[in-house]
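What follows is the content of upload_19.txt, which has compact mmCIF, C-alpha atoms:
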# COMPACT_ATOMS: atom_id res chain seq x y z
CA MET G 1 26.47 -53.79 -30.08
CA ASN G 2 25.04 -51.70 -32.94
CA LYS G 3 28.25 -52.26 -34.95
CA LEU G 4 27.96 -56.00 -34.38
CA LEU G 5 24.32 -55.96 -35.48
CA ARG G 6 25.15 -54.00 -38.63
CA PHE G 7 28.00 -56.41 -39.42
CA CYS G 8 25.69 -59.40 -39.02
CA GLN G 9 23.08 -57.78 -41.27
CA LEU G 10 25.75 -57.09 -43.93
CA LEU G 11 27.03 -60.66 -43.69
CA LEU G 12 23.48 -61.97 -44.13
CA VAL G 13 23.04 -59.86 -47.27
CA ILE G 14 26.30 -61.24 -48.69
CA VAL G 15 25.29 -64.83 -47.93
CA LEU G 16 21.95 -64.31 -49.64
CA LEU G 17 23.42 -62.65 -52.72
CA VAL G 18 26.51 -64.75 -53.39
CA PRO G 19 24.76 -68.03 -54.32
CA ALA G 20 22.70 -66.32 -57.02
CA SER G 21 25.76 -64.59 -58.42
CA TRP G 22 27.78 -67.82 -58.30
CA GLN G 23 25.03 -69.79 -60.04
CA GLU G 24 24.77 -67.11 -62.73
CA ALA G 25 28.52 -67.22 -63.26
CA GLN G 26 28.43 -71.00 -63.49
CA ALA G 27 25.65 -70.84 -66.06
CA GLN G 28 27.64 -68.39 -68.16
CA ASN G 29 30.92 -70.29 -67.85
CA GLY G 30 29.72 -73.87 -67.94
CA PRO G 31 31.23 -76.59 -70.15
CA GLN G 32 30.80 -76.34 -73.90
CA TYR G 33 30.21 -80.08 -74.15
CA ARG G 34 30.76 -83.33 -72.28
CA ALA G 35 33.19 -86.05 -73.33
CA LEU G 36 33.38 -89.68 -72.24
CA VAL G 37 36.87 -91.20 -72.45
CA PHE G 38 36.69 -94.98 -72.78
CA SER G 39 39.99 -96.88 -72.64
CA LYS G 40 39.05 -100.55 -72.19
CA THR G 41 41.40 -103.07 -73.82
CA LYS G 42 40.82 -106.75 -74.46
CA GLY G 43 43.84 -107.16 -76.71
CA PHE G 44 47.19 -105.37 -76.67
CA ARG G 45 47.34 -102.60 -74.08
CA HIS G 46 49.33 -99.47 -74.89
CA GLN G 47 51.42 -98.09 -72.05
CA SER G 48 50.59 -94.58 -73.29
CA ILE G 49 46.94 -94.90 -72.20
CA PRO G 50 47.43 -93.37 -68.71
CA ASP G 51 49.43 -90.47 -70.21
CA GLY G 52 46.70 -89.96 -72.81
CA VAL G 53 43.93 -89.91 -70.22
CA VAL G 54 45.79 -87.38 -68.07
CA ALA G 55 46.50 -85.22 -71.13
CA LEU G 56 42.83 -85.29 -72.14
CA LYS G 57 41.79 -84.22 -68.65
CA LYS G 58 44.15 -81.26 -68.89
CA LEU G 59 42.85 -80.50 -72.38
CA ALA G 60 39.29 -80.45 -71.00
CA ARG G 61 40.26 -78.19 -68.11
CA ASP G 62 42.05 -75.72 -70.38
CA ASN G 63 39.39 -75.70 -73.11
CA ILE G 64 36.16 -75.56 -71.12
CA PHE G 65 34.64 -78.98 -71.59
CA ASP G 66 33.73 -81.71 -69.13
CA ILE G 67 35.35 -85.13 -69.19
CA TYR G 68 34.59 -88.46 -67.55
CA THR G 69 36.83 -91.51 -67.86
CA THR G 70 36.03 -95.19 -67.53
CA GLU G 71 37.16 -98.67 -68.56
CA ASP G 72 33.88 -100.29 -67.54
CA GLU G 73 31.90 -101.45 -70.58
CA ASP G 74 28.83 -101.83 -68.35
CA PHE G 75 28.77 -98.04 -68.18
CA ILE G 76 27.74 -98.03 -71.85
CA THR G 77 23.95 -97.69 -71.58
CA ASP G 78 21.40 -95.41 -73.22
CA ALA G 79 20.89 -93.45 -70.01
CA ASN G 80 24.58 -92.91 -69.31
CA LEU G 81 25.52 -91.99 -72.88
CA ALA G 82 22.70 -89.43 -73.00
CA ARG G 83 24.83 -87.26 -70.68
CA PHE G 84 27.62 -86.91 -73.25
CA ASP G 85 28.21 -85.24 -76.61
CA VAL G 86 31.26 -87.25 -77.70
CA ILE G 87 32.88 -90.59 -76.87
CA ILE G 88 36.68 -90.72 -77.09
CA LEU G 89 38.04 -94.23 -77.68
CA MET G 90 41.53 -94.05 -76.18
CA SER G 91 43.54 -96.87 -77.80
CA THR G 92 40.87 -99.48 -77.23
CA THR G 93 41.59 -103.00 -78.51
CA GLY G 94 39.74 -106.26 -79.04
CA THR G 95 36.12 -107.31 -78.84
CA ILE G 96 34.62 -105.32 -75.99
CA PHE G 97 30.90 -104.67 -76.33
CA ASN G 98 27.84 -106.92 -76.07
CA GLU G 99 24.79 -106.43 -78.27
CA ALA G 100 23.02 -104.05 -75.87
CA GLN G 101 26.14 -101.88 -75.59
CA LYS G 102 26.57 -101.86 -79.37
CA ASN G 103 22.97 -100.72 -79.74
CA SER G 104 23.55 -97.90 -77.24
CA ILE G 105 26.59 -96.68 -79.18
CA GLN G 106 24.72 -96.83 -82.48
CA LYS G 107 21.81 -94.85 -81.06
CA PHE G 108 24.27 -92.33 -79.63
CA VAL G 109 25.76 -91.73 -83.08
CA GLN G 110 22.38 -91.78 -84.82
CA SER G 111 21.20 -89.03 -82.45
CA GLY G 112 23.77 -86.70 -84.04
CA LYS G 113 26.62 -87.08 -81.56
CA GLY G 114 30.31 -87.80 -82.06
CA ILE G 115 33.01 -90.45 -81.75
CA VAL G 116 36.76 -89.85 -81.60
CA GLY G 117 39.14 -92.75 -82.20
CA ILE G 118 42.78 -92.58 -81.10
CA HIS G 119 45.47 -94.95 -82.43
CA SER G 120 44.27 -98.53 -81.84
CA ALA G 121 40.58 -97.68 -81.95
CA THR G 122 40.92 -99.32 -85.39
CA ASP G 123 42.20 -102.49 -83.64
CA THR G 124 38.80 -102.88 -82.03
CA GLU G 125 35.54 -104.77 -82.78
CA TYR G 126 36.65 -106.48 -86.01
CA ASP G 127 33.40 -108.45 -86.17
CA TRP G 128 31.10 -105.44 -85.91
CA PRO G 129 30.54 -104.16 -89.49
CA TRP G 130 28.78 -100.96 -88.39
CA TYR G 131 31.77 -100.02 -86.24
CA THR G 132 34.22 -100.70 -89.08
CA GLN G 133 32.25 -98.38 -91.36
CA LEU G 134 32.11 -95.73 -88.64
CA ILE G 135 35.78 -95.81 -87.60
CA GLY G 136 36.78 -96.06 -91.25
CA ALA G 137 39.26 -98.97 -91.35
CA GLN G 138 40.76 -101.93 -89.52
CA PHE G 139 44.34 -102.17 -88.30
CA LEU G 140 46.48 -104.41 -90.53
CA ASN G 141 50.11 -104.05 -89.43
CA HIS G 142 52.86 -101.64 -88.43
CA PRO G 143 56.65 -101.48 -88.75
CA HIS G 144 58.95 -100.44 -85.90
CA GLN G 145 58.58 -96.97 -84.43
CA GLN G 146 60.38 -94.35 -86.50
CA THR G 147 60.39 -90.81 -87.84
CA LEU G 148 58.63 -89.95 -91.10
CA LYS G 149 57.06 -87.18 -93.13
CA LEU G 150 53.31 -86.79 -92.80
CA ASN G 151 51.46 -84.94 -95.55
CA VAL G 152 48.68 -82.75 -94.19
CA ILE G 153 46.53 -82.84 -97.31
CA ASP G 154 43.48 -81.10 -95.84
CA ARG G 155 44.14 -78.10 -93.60
CA ASN G 156 40.51 -76.94 -93.69
CA HIS G 157 39.53 -78.85 -90.57
CA PRO G 158 39.91 -77.96 -86.87
CA ALA G 159 42.19 -80.98 -86.36
CA THR G 160 44.66 -79.68 -88.96
CA TYR G 161 44.29 -75.86 -89.05
CA HIS G 162 47.54 -75.45 -87.13
CA LEU G 163 49.66 -78.07 -88.86
CA PRO G 164 52.23 -77.50 -91.62
CA GLU G 165 51.66 -79.15 -94.98
CA LYS G 166 54.65 -81.38 -94.27
CA TRP G 167 54.84 -82.57 -90.67
CA VAL G 168 57.86 -84.50 -89.33
CA TRP G 169 56.62 -86.93 -86.69
CA SER G 170 57.82 -90.02 -84.80
CA ASP G 171 55.35 -92.77 -84.00
CA GLU G 172 54.21 -96.32 -84.69
CA ILE G 173 52.61 -95.99 -88.11
CA TYR G 174 49.61 -98.19 -88.81
CA ALA G 175 48.64 -99.66 -92.17
CA PHE G 176 44.98 -100.53 -92.64
CA LYS G 177 42.61 -102.94 -94.33
CA ASN G 178 38.92 -102.65 -95.17
CA PHE G 179 39.32 -98.90 -95.61
CA ASN G 180 36.09 -96.94 -96.04
CA PRO G 181 36.51 -94.84 -99.23
CA ASN G 182 33.78 -92.45 -98.10
CA VAL G 183 35.83 -90.91 -95.28
CA ARG G 184 37.48 -87.50 -95.61
CA VAL G 185 41.25 -88.00 -95.32
CA LEU G 186 43.16 -85.23 -93.54
CA ILE G 187 46.68 -86.63 -93.22
CA THR G 188 48.66 -89.28 -95.10
CA ALA G 189 52.01 -90.95 -94.49
CA ASP G 190 54.81 -90.62 -97.04
CA GLU G 191 56.08 -94.19 -97.28
CA ASN G 192 59.20 -92.96 -99.10
CA THR G 193 60.40 -91.39 -95.84
CA TYR G 194 60.37 -94.46 -93.57
CA ASP G 195 60.67 -98.23 -93.61
CA ALA G 196 56.99 -98.99 -94.20
CA GLY G 197 57.29 -102.75 -94.59
CA GLU G 198 53.99 -104.02 -96.01
CA GLY G 199 52.45 -100.57 -96.13
CA MET G 200 49.66 -99.12 -98.23
CA GLY G 201 51.59 -97.55 -101.10
CA ASP G 202 51.23 -94.03 -102.45
CA PHE G 203 47.99 -93.33 -100.58
CA HIS G 204 48.39 -94.15 -96.89
CA PRO G 205 45.75 -92.42 -94.72
CA ILE G 206 46.68 -91.58 -91.13
CA ALA G 207 43.88 -89.26 -89.93
CA TRP G 208 40.38 -88.76 -91.26
CA THR G 209 36.79 -87.81 -90.49
CA ASN G 210 33.56 -89.61 -91.26
CA GLU G 211 30.03 -88.24 -91.22
CA PHE G 212 28.17 -91.49 -90.83
CA ASP G 213 24.69 -92.66 -89.78
CA GLY G 214 23.69 -89.23 -88.48
CA GLY G 215 26.80 -88.56 -86.41
CA ARG G 216 30.44 -87.48 -86.73
CA MET G 217 33.66 -89.47 -86.30
CA PHE G 218 37.25 -88.24 -86.12
CA TYR G 219 40.13 -90.72 -86.13
CA THR G 220 43.89 -90.32 -85.83
CA ALA G 221 46.28 -93.26 -86.02
CA LEU G 222 48.89 -91.26 -84.11
CA GLY G 223 49.36 -91.53 -80.35
CA HIS G 224 51.22 -94.79 -79.72
CA THR G 225 53.93 -93.18 -77.63
CA ASP G 226 53.82 -91.60 -74.18
CA TRP G 227 55.50 -88.45 -75.46
CA ALA G 228 52.90 -87.85 -78.17
CA PHE G 229 50.60 -86.57 -75.43
CA GLN G 230 53.20 -83.99 -74.44
CA SER G 231 53.28 -82.50 -77.95
CA PRO G 232 51.35 -79.23 -78.35
CA ASP G 233 50.81 -79.95 -82.05
CA PHE G 234 49.38 -83.39 -81.35
CA MET G 235 47.15 -82.15 -78.54
CA LYS G 236 45.79 -79.37 -80.79
CA HIS G 237 45.18 -82.08 -83.40
CA LEU G 238 43.11 -84.00 -80.84
CA LEU G 239 41.34 -80.89 -79.55
CA GLY G 240 40.21 -79.92 -83.05
CA GLY G 241 38.93 -83.44 -83.71
CA ILE G 242 37.11 -83.63 -80.38
CA TRP G 243 35.52 -80.19 -80.79
CA TRP G 244 34.35 -81.04 -84.30
CA ALA G 245 32.98 -84.45 -83.31
CA ALA G 246 31.19 -83.00 -80.28
CA LYS G 247 29.80 -79.83 -81.81
CA GLY G 248 30.13 -80.06 -85.59
CA TYR G 249 31.79 -76.64 -85.73
CA GLY G 250 34.80 -75.39 -87.63
CA ASP G 251 34.47 -77.43 -90.79
How does the structure come out when it is put into structure tokens?
Amino acid sequence: MNKLLRFCQLLLVIVLLVPASWQEAQAQNGPQYRALVFSKTKGFRHQSIPDGVVALKKLARDNIFDIYTTEDEDFITDANLARFDVIILMSTTGTIFNEAQKNSIQKFVQSGKGIVGIHSATDTEYDWPWYTQLIGAQFLNHPHQQTLKLNVIDRNHPATYHLPEKWVWSDEIYAFKNFNPNVRVLITADENTYDAGEGMGDFHPIAWTNEFDGGRMFYTALGHTDWAFQSPDFMKHLLGGIWWAAKGYGD
């Protein structure tokens, strides 16, 4: 009976102590930042979106940040966005947001937070001038999917630290219109290495950053294909852009 009593007393001590220790551990090992992945489309819908969302969830798990995914534009409110540090636009297309939602996104950026645009985020909100300035360009056209040489012209950014100066890549390569000359270009496409069609000429930006209206924006035109999200180089490219947009570190 005494042994049973001692065991119960020991168990009670453990029960009382463990929650405090667990909470302390959680506080020490909590997420670095919180990301909202938004993948609504009202135009063309890329089949790579589900693969991209799954890959971003794994990226969050492996790199200690929280992630929440939605395709509901009604989720875009001041109160909901206040929970996040960065919004990731996963191949969005078309005209999506109403005026209240646009205002919430603008206030989010103006508060010093970040936006990440993947692939067709530039094929989104053509009639919203603020968004065009933020994202840096509007989609114009693309040739068929093919392999090309990408020139990594700025390797002093977290999205490009790991990349070679010349990167062989296969994708659907966008050309752009209404390009914002104030962005910082990280990667360009070498139009001499693929059938560019009506491309952009000698200077063809593919990935860039933009410090705009108080916040930070990272955009990459890559990511059309399912298999892009299985590439370690591409996922490190995204991770560096997300980290920078969320925290402003590493630049």
Between G:Ser170, G:Gly114, G:Ser231, G:Ile76, which one has atoms that come closest to Asn98 (chain G), using all atoms listed in the file? G:Ile76
Identify the residues around (62.5, -90.4, -98.3) within a radius of 12 Å, measuring from only C-alpha atoms in the coordinates stated by the file, and give them as a ChimeraX atom specification. /G:147-150,168,189-196
Just write the chosen residues, C-alpha atoms, as a PDB file, keeping the file's coordinate frame.
ATOM      1  CA  THR G 147      60.390 -90.810 -87.840  1.00  0.00           C
ATOM      2  CA  LEU G 148      58.630 -89.950 -91.100  1.00  0.00           C
ATOM      3  CA  LYS G 149      57.060 -87.180 -93.130  1.00  0.00           C
ATOM      4  CA  LEU G 150      53.310 -86.790 -92.800  1.00  0.00           C
ATOM      5  CA  VAL G 168      57.860 -84.500 -89.330  1.00  0.00           C
ATOM      6  CA  ALA G 189      52.010 -90.950 -94.490  1.00  0.00           C
ATOM      7  CA  ASP G 190      54.810 -90.620 -97.040  1.00  0.00           C
ATOM      8  CA  GLU G 191      56.080 -94.190 -97.280  1.00  0.00           C
ATOM      9  CA  ASN G 192      59.200 -92.960 -99.100  1.00  0.00           C
ATOM     10  CA  THR G 193      60.400 -91.390 -95.840  1.00  0.00           C
ATOM     11  CA  TYR G 194      60.370 -94.460 -93.570  1.00  0.00           C
ATOM     12  CA  ASP G 195      60.670 -98.230 -93.610  1.00  0.00           C
ATOM     13  CA  ALA G 196      56.990 -98.990 -94.200  1.00  0.00           C
TER      14      ALA G 196
END
I'd like the contact shell of Gly136 (chain G) - 7 Å cut-off, all atoms listed in the file, skipping same-chain residues fewer than 4 positions apart - returned as a list in words.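 Final neighbour list, sorted by chain and number: Thr132, Phe179, Asn180 and Val183 of chain G.
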Mind checking which residues fall within 7 Å of Asp171 (chain G), counting all atoms listed in the file, ignoring those fewer than 4 positions away in the same chain, and posting them as a ChimeraX atom specification? /G:145-147,222,224-225
Just how far from CA of Val37 (chain G) is CA of Ala246 (chain G), in Å to one decimal?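 Here the two named atoms are 12.7 Å from each other.
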Residues within 10 Å of Ile115 (chain G), please, as a ChimeraX atom specification. Count all atoms listed in the file; anything in the same chain fewer than 2 positions from it doesn't count. /G:35-36,85-89,105,108-109,113,117,134-135,209-210,215-219,241-242,244-246
Just the number, please: distance in Å from CA of Asn156 (chain G) to CA of Leu239 (chain G), one decimal. 14.7 Å
With distances taken over all atoms listed in the file, which of G:Gln110, G:Gly214, G:Ala55, G:Tyr126 is nearest to Pro232 (chain G)? G:Ala55
To one decimal place, how far is CA of Phe176 (chain G) from CA of Pro129 (chain G) in Å? 15.2 Å
G:Thr92, G:Thr77, G:Gln47, G:Thr122: which is nearest Gln106 (chain G), counting only C-alpha atoms? G:Thr77
Determine, counting only C-alpha atoms, which protein, DNA and RNA residues have an atom within 8 Å of an atom of Thr69 (chain G); residues of the same chain fewer than 2 positions away are not included. Present the result as a PyMOL selection string. chain G and resi 36-39+53+67+71
Could you extract region 133-148 of chain G of the given structure into a file holding all heavy atoms, as a compact mmCIF listing (two decimals), in the first residue's frame?
# COMPACT_ATOMS: atom_id res chain seq x y z
N GLN G 133 2.40 47.57 -59.19
CA GLN G 133 3.64 48.15 -58.69
C GLN G 133 4.30 47.23 -57.68
O GLN G 133 5.52 47.04 -57.69
CB GLN G 133 3.38 49.51 -58.06
CG GLN G 133 3.19 50.64 -59.04
CD GLN G 133 3.15 51.97 -58.29
OE1 GLN G 133 2.11 52.37 -57.76
NE2 GLN G 133 4.27 52.65 -58.25
N LEU G 134 3.49 46.65 -56.80
CA LEU G 134 4.03 45.76 -55.77
C LEU G 134 4.64 44.51 -56.39
O LEU G 134 5.81 44.20 -56.12
CB LEU G 134 2.91 45.35 -54.81
CG LEU G 134 3.27 44.23 -53.82
CD1 LEU G 134 4.13 44.78 -52.69
CD2 LEU G 134 2.00 43.56 -53.27
N ILE G 135 3.88 43.80 -57.21
CA ILE G 135 4.35 42.52 -57.75
C ILE G 135 5.43 42.72 -58.80
O ILE G 135 6.25 41.84 -59.04
CB ILE G 135 3.16 41.70 -58.31
CG1 ILE G 135 3.47 40.20 -58.28
CG2 ILE G 135 2.75 42.14 -59.69
CD1 ILE G 135 3.50 39.57 -56.92
N GLY G 136 5.45 43.90 -59.42
CA GLY G 136 6.58 44.29 -60.25
C GLY G 136 6.38 44.19 -61.75
O GLY G 136 7.20 44.71 -62.51
N ALA G 137 5.31 43.53 -62.21
CA ALA G 137 5.10 43.37 -63.65
C ALA G 137 3.75 42.69 -63.88
O ALA G 137 3.10 42.22 -62.93
CB ALA G 137 6.21 42.54 -64.29
N GLN G 138 3.35 42.63 -65.14
CA GLN G 138 2.17 41.88 -65.55
C GLN G 138 2.56 40.85 -66.60
O GLN G 138 3.35 41.14 -67.51
CB GLN G 138 1.10 42.82 -66.11
CG GLN G 138 0.52 43.77 -65.08
CD GLN G 138 -0.45 44.76 -65.68
OE1 GLN G 138 -0.34 45.13 -66.85
NE2 GLN G 138 -1.42 45.20 -64.90
N PHE G 139 2.00 39.67 -66.49
CA PHE G 139 2.24 38.62 -67.48
C PHE G 139 1.84 39.10 -68.87
O PHE G 139 0.77 39.69 -69.06
CB PHE G 139 1.44 37.38 -67.10
CG PHE G 139 1.33 36.36 -68.20
CD1 PHE G 139 2.42 35.59 -68.55
CD2 PHE G 139 0.14 36.19 -68.89
CE1 PHE G 139 2.32 34.65 -69.58
CE2 PHE G 139 0.03 35.26 -69.91
CZ PHE G 139 1.12 34.49 -70.25
N LEU G 140 2.71 38.82 -69.85
CA LEU G 140 2.43 39.18 -71.24
C LEU G 140 2.20 37.93 -72.10
O LEU G 140 1.17 37.79 -72.75
CB LEU G 140 3.59 39.99 -71.82
CG LEU G 140 3.48 40.39 -73.30
CD1 LEU G 140 2.26 41.26 -73.53
CD2 LEU G 140 4.76 41.11 -73.74
N ASN G 141 3.17 37.02 -72.11
CA ASN G 141 3.04 35.80 -72.92
C ASN G 141 4.07 34.78 -72.47
O ASN G 141 4.93 35.07 -71.63
CB ASN G 141 3.21 36.11 -74.42
CG ASN G 141 4.57 36.69 -74.75
OD1 ASN G 141 5.61 36.15 -74.37
ND2 ASN G 141 4.59 37.82 -75.45
N HIS G 142 4.00 33.59 -73.05
CA HIS G 142 5.03 32.58 -72.83
C HIS G 142 5.08 31.65 -74.04
O HIS G 142 4.06 31.39 -74.68
CB HIS G 142 4.77 31.78 -71.55
CG HIS G 142 3.51 30.96 -71.58
ND1 HIS G 142 3.42 29.77 -72.28
CD2 HIS G 142 2.29 31.15 -71.01
CE1 HIS G 142 2.20 29.27 -72.13
NE2 HIS G 142 1.50 30.09 -71.38
N PRO G 143 6.27 31.13 -74.36
CA PRO G 143 6.37 30.09 -75.38
C PRO G 143 6.06 28.73 -74.75
O PRO G 143 5.64 28.65 -73.59
CB PRO G 143 7.83 30.19 -75.82
CG PRO G 143 8.54 30.62 -74.57
CD PRO G 143 7.58 31.52 -73.83
N HIS G 144 6.30 27.66 -75.50
CA HIS G 144 6.11 26.32 -74.95
C HIS G 144 7.15 26.03 -73.87
O HIS G 144 8.19 26.69 -73.81
CB HIS G 144 6.21 25.27 -76.07
CG HIS G 144 7.50 25.30 -76.82
ND1 HIS G 144 8.61 24.56 -76.45
CD2 HIS G 144 7.89 26.01 -77.92
CE1 HIS G 144 9.60 24.79 -77.27
NE2 HIS G 144 9.20 25.67 -78.19
N GLN G 145 6.86 25.06 -73.04
CA GLN G 145 7.79 24.70 -71.96
C GLN G 145 9.08 24.14 -72.58
O GLN G 145 9.03 23.34 -73.50
CB GLN G 145 7.17 23.65 -71.05
CG GLN G 145 5.92 24.13 -70.32
CD GLN G 145 5.27 23.03 -69.53
OE1 GLN G 145 5.94 22.26 -68.84
NE2 GLN G 145 3.96 22.94 -69.60
N GLN G 146 10.21 24.56 -72.02
CA GLN G 146 11.49 24.12 -72.56
C GLN G 146 12.62 24.39 -71.55
O GLN G 146 12.40 25.02 -70.52
CB GLN G 146 11.79 24.81 -73.89
CG GLN G 146 11.71 26.32 -73.85
CD GLN G 146 11.61 26.93 -75.24
OE1 GLN G 146 12.53 26.80 -76.04
NE2 GLN G 146 10.50 27.60 -75.54
N THR G 147 13.79 23.90 -71.91
CA THR G 147 14.98 24.08 -71.08
C THR G 147 15.75 25.31 -71.56
O THR G 147 15.81 25.59 -72.75
CB THR G 147 15.87 22.83 -71.17
OG1 THR G 147 15.12 21.70 -70.73
CG2 THR G 147 17.12 22.97 -70.31
N LEU G 148 16.33 26.03 -70.60
CA LEU G 148 17.08 27.24 -70.94
C LEU G 148 18.15 27.50 -69.90
O LEU G 148 18.21 26.81 -68.87
CB LEU G 148 16.15 28.45 -71.00
CG LEU G 148 15.65 29.03 -69.65
CD1 LEU G 148 15.24 30.47 -69.81
CD2 LEU G 148 14.51 28.20 -69.09
